[in-house]
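Here the structure is laid out as structure tokens; the discussion comes afterwards.
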Amino acid sequence: MSNILDDLLLEILIRLPSCLDTVRCRLVCRRWNSLLSSPQFIQSFTRHQSLFSDSQLSMLLFEKIEDESWTNGAQFSKIFPEKSKIFREHSLNFLPWNVIVRAYFDDLLLVSRPYNFRDFYICNPLTKKWHALPQAPLAIQEFFITCGLVCLPSYNCSSKHYRYNVVVFGFDIPYAPLMFPVVTIFCSETAQWSKLVDFQLSWPDLYFDRVAACNGILYGVAYCVVGIVAFNPFTDVVEKQCRFISLPIDIDRTPPFNKLYHLCLGTFQGRLRLSHLCKINDSFGLKVWKLEDQNAQETSSWSLVHNVVLEIGLPINEIYILALHPCNNNVVFLSWEDELLQYDISQGKYQKLGEFPVKQLSPRLSTFPLMHYSWPTPVPVPALPL
């Protein structure tokens, strides 16, 4: 291969099946690493993928969330469309510390050290690149709730980049039982953290889980499970920062509706989706909606996309929805005992994708549906502080 001209080698390498293969091929030698990192190759490869590739690479990253003593080796993943039913141990050991995954966006992860809500890092697990954020100005006494990574894309001639905000929600414990909410935001454009003073939501509204970011907005299912909190970290106008979206009127509110793990948020083609799973006699009903007019400040409506009954055929007392497929509007991921199932709503078919390495994880399992485009997203480095 050393005698092959660079131009000919590039023509061969642009036909690699996916971006995952390009990352692996970079390890062959310095020459390949240089060629596969060049703007010429990136442009040619992404163009070839758009013309001849009919599937996007996606990955489910799992992490147990009830016990933060889990370290790097506790994370495990499943990559699609690979046929193997073996879960990969997904150690983030390219980072110099043990970390807990806090949020995701496309193929980027926001992580922090266990029991630490001041030191955050953004990384791409595919390329194993990472960047440390400036230390967050959170007092030790602040009680952490959840956080999100909210990105807006920008493009140059060879790849896609992001400007982003990291949003951390918490309570200021010394003021209990009033429980004043604290929202701290890191802005990549200023490379600085700031706190919101005039935040408009009370603590029952703020205390939410199951978050998803879409079009610069962070959405979360409210703890009291009566609606969706939508937060825009890219605006300084207080009245436009946060709003409350009611749940679909046709959602089943019968017990055990108030269990958060029966609700799931996801995105597909730039649209927010909401799913609800409920028990119906010996079966389970699954509904999926998409949010219309999601940029409207006052009102937003839901459109029902799917309404099906899951015929399990087994004496199952409980089944959990883990994630909505980021690339296929008809596919959801479910867990039953120690099994990961893929369910195609349009065909009404199940496929067992594998067994979790640890049993009885659901529902205390954090799932991050990462989506890899034709080229890995470079880890965004914030601007120099002003």
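The chains in the structure tokens are called A, B, ... from first to last as shown; in each chain the residues are counted from 1, and the ligands are counted from 1 in the order shown.
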* Residue contacts of region 264-274 of chain A (10 Å, only C-alpha atoms) excluding same-chain residues fewer than 6 positions away, as a ChimeraX atom specification -> /A:106,209-215,217,219-221,228,247-248,287-294,302-305,320-329,368-369
Considering only C-alpha atoms, return as a JSON list (two decimals) with all heavy atoms, in the first residue's frame whatever protein or nucleic-acid residues lie within 7 Å of Pro376 (chain A), sequence-local ones (same chain, fewer than 3 positions apart) excluded.
[["chain", "number", "residue", "atom", "x", "y", "z"],
["A", 19, "CYS", "N", -18.49, 6.09, 9.13],
["A", 19, "CYS", "CA", -17.49, 6.92, 9.81],
["A", 19, "CYS", "C", -16.76, 6.15, 10.88],
["A", 19, "CYS", "O", -15.61, 6.45, 11.21],
["A", 19, "CYS", "CB", -18.14, 8.17, 10.40],
["A", 19, "CYS", "SG", -19.46, 7.84, 11.59],
["A", 372, "HIS", "N", -24.89, 9.00, 14.66],
["A", 372, "HIS", "CA", -23.66, 9.37, 13.97],
["A", 372, "HIS", "C", -23.97, 9.70, 12.52],
["A", 372, "HIS", "O", -24.55, 8.89, 11.80],
["A", 372, "HIS", "CB", -22.64, 8.23, 14.03],
["A", 372, "HIS", "CG", -22.22, 7.87, 15.42],
["A", 372, "HIS", "ND1", -21.46, 8.69, 16.20],
["A", 372, "HIS", "CD2", -22.49, 6.79, 16.19],
["A", 372, "HIS", "CE1", -21.25, 8.13, 17.38],
["A", 372, "HIS", "NE2", -21.88, 6.98, 17.39],
["A", 373, "TYR", "N", -23.59, 10.89, 12.12],
["A", 373, "TYR", "CA", -23.78, 11.30, 10.74],
["A", 373, "TYR", "C", -22.65, 10.74, 9.88],
["A", 373, "TYR", "O", -21.86, 9.92, 10.32],
["A", 373, "TYR", "CB", -23.83, 12.83, 10.65],
["A", 373, "TYR", "CG", -25.05, 13.41, 11.34],
["A", 373, "TYR", "CD1", -24.97, 13.91, 12.63],
["A", 373, "TYR", "CD2", -26.29, 13.45, 10.69],
["A", 373, "TYR", "CE1", -26.08, 14.45, 13.26],
["A", 373, "TYR", "CE2", -27.40, 13.98, 11.32],
["A", 373, "TYR", "CZ", -27.29, 14.48, 12.60],
["A", 373, "TYR", "OH", -28.39, 14.98, 13.23]]
* All residues 12 Å or closer to Leu310 (chain A), only C-alpha atoms, same chain fewer than 2 positions away omitted, as JSON, numbers by chain -> {"A": [277, 278, 279, 280, 281, 282, 283, 284, 285, 286, 287, 306, 307, 308, 312, 313, 314, 316, 319, 320, 321, 332, 334, 343, 344, 345, 346, 347, 348, 349, 350]}
* Name the closest residue to Tyr162 (chain A) among the candidates A:Ile251, A:Leu108, A:Leu13, A:Ala132; distances are taken between atoms, counting only C-alpha atoms. =>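 Going through A:Ile251, A:Leu108, A:Leu13, A:Ala132 one by one, the smallest distance to Tyr162 (chain A) is for A:Leu108.
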* **Exercise: Leu36 (chain A) partners within 10 Å, only C-alpha atoms, chain neighbours under 4 positions left out, as a ChimeraX atom specification** => /A:10,13-14,22-23,25-26,30-32,40-42,45
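Between CA of Leu353 (chain A) and CA of Met371 (chain A) the interatomic distance comes to 17.6 Å.
Considering the residues A:Leu20, A:Leu60, A:Leu5, A:Phe169 and counting only C-alpha atoms, Ser366 (chain A) has its shortest atom-to-atom contact with A:Leu60.
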* Contacts of Arg113 (chain A) at 8 Å or less, counting only C-alpha atoms, minus same-chain residues fewer than 4 places along, as a VMD selection string? -> chain A and resid 97 to 100 117 119 to 120
* **Distance of CA of Cys242 (chain A) from CA of Asn124 (chain A), expressed in Å to one decimal place** =>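 Computing it gives 28.8 Å between the two atoms.
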Can you list, as a compact mmCIF listing (two decimals) with all heavy atoms, in the first residue's frame, every protein, DNA or RNA residue that comes within 6 Å of Gly227 (chain A) when you count only C-alpha atoms, leaving out same-chain residues fewer than 5 positions away?
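result31.txt written:
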# COMPACT_ATOMS: atom_id res chain seq x y z
N ALA A 222 -42.01 16.98 33.11
CA ALA A 222 -42.07 17.52 34.46
C ALA A 222 -42.27 16.40 35.47
O ALA A 222 -42.93 15.40 35.19
CB ALA A 222 -43.21 18.54 34.57
N ILE A 245 -45.62 23.17 28.19
CA ILE A 245 -46.42 22.58 27.12
C ILE A 245 -47.28 21.47 27.71
O ILE A 245 -46.75 20.53 28.33
CB ILE A 245 -45.52 22.02 26.00
CG1 ILE A 245 -44.61 23.12 25.43
CG2 ILE A 245 -46.36 21.40 24.89
CD1 ILE A 245 -43.58 22.61 24.45
N SER A 246 -48.57 21.57 27.54
CA SER A 246 -49.47 20.54 28.05
C SER A 246 -49.27 19.23 27.30
O SER A 246 -48.88 19.21 26.12
CB SER A 246 -50.93 20.99 27.92
OG SER A 246 -51.17 22.16 28.67
N LEU A 247 -49.54 18.13 27.99
CA LEU A 247 -49.46 16.82 27.36
C LEU A 247 -50.61 16.66 26.37
O LEU A 247 -51.61 17.37 26.44
CB LEU A 247 -49.51 15.73 28.42
CG LEU A 247 -48.31 15.63 29.35
CD1 LEU A 247 -48.56 14.57 30.41
CD2 LEU A 247 -47.03 15.31 28.59
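Take the candidates A:Ala103, A:Pro153, A:His48, A:Thr146 and check each one against Phe62 (chain A) using only C-alpha atoms; the shortest distance goes to A:Ala103.
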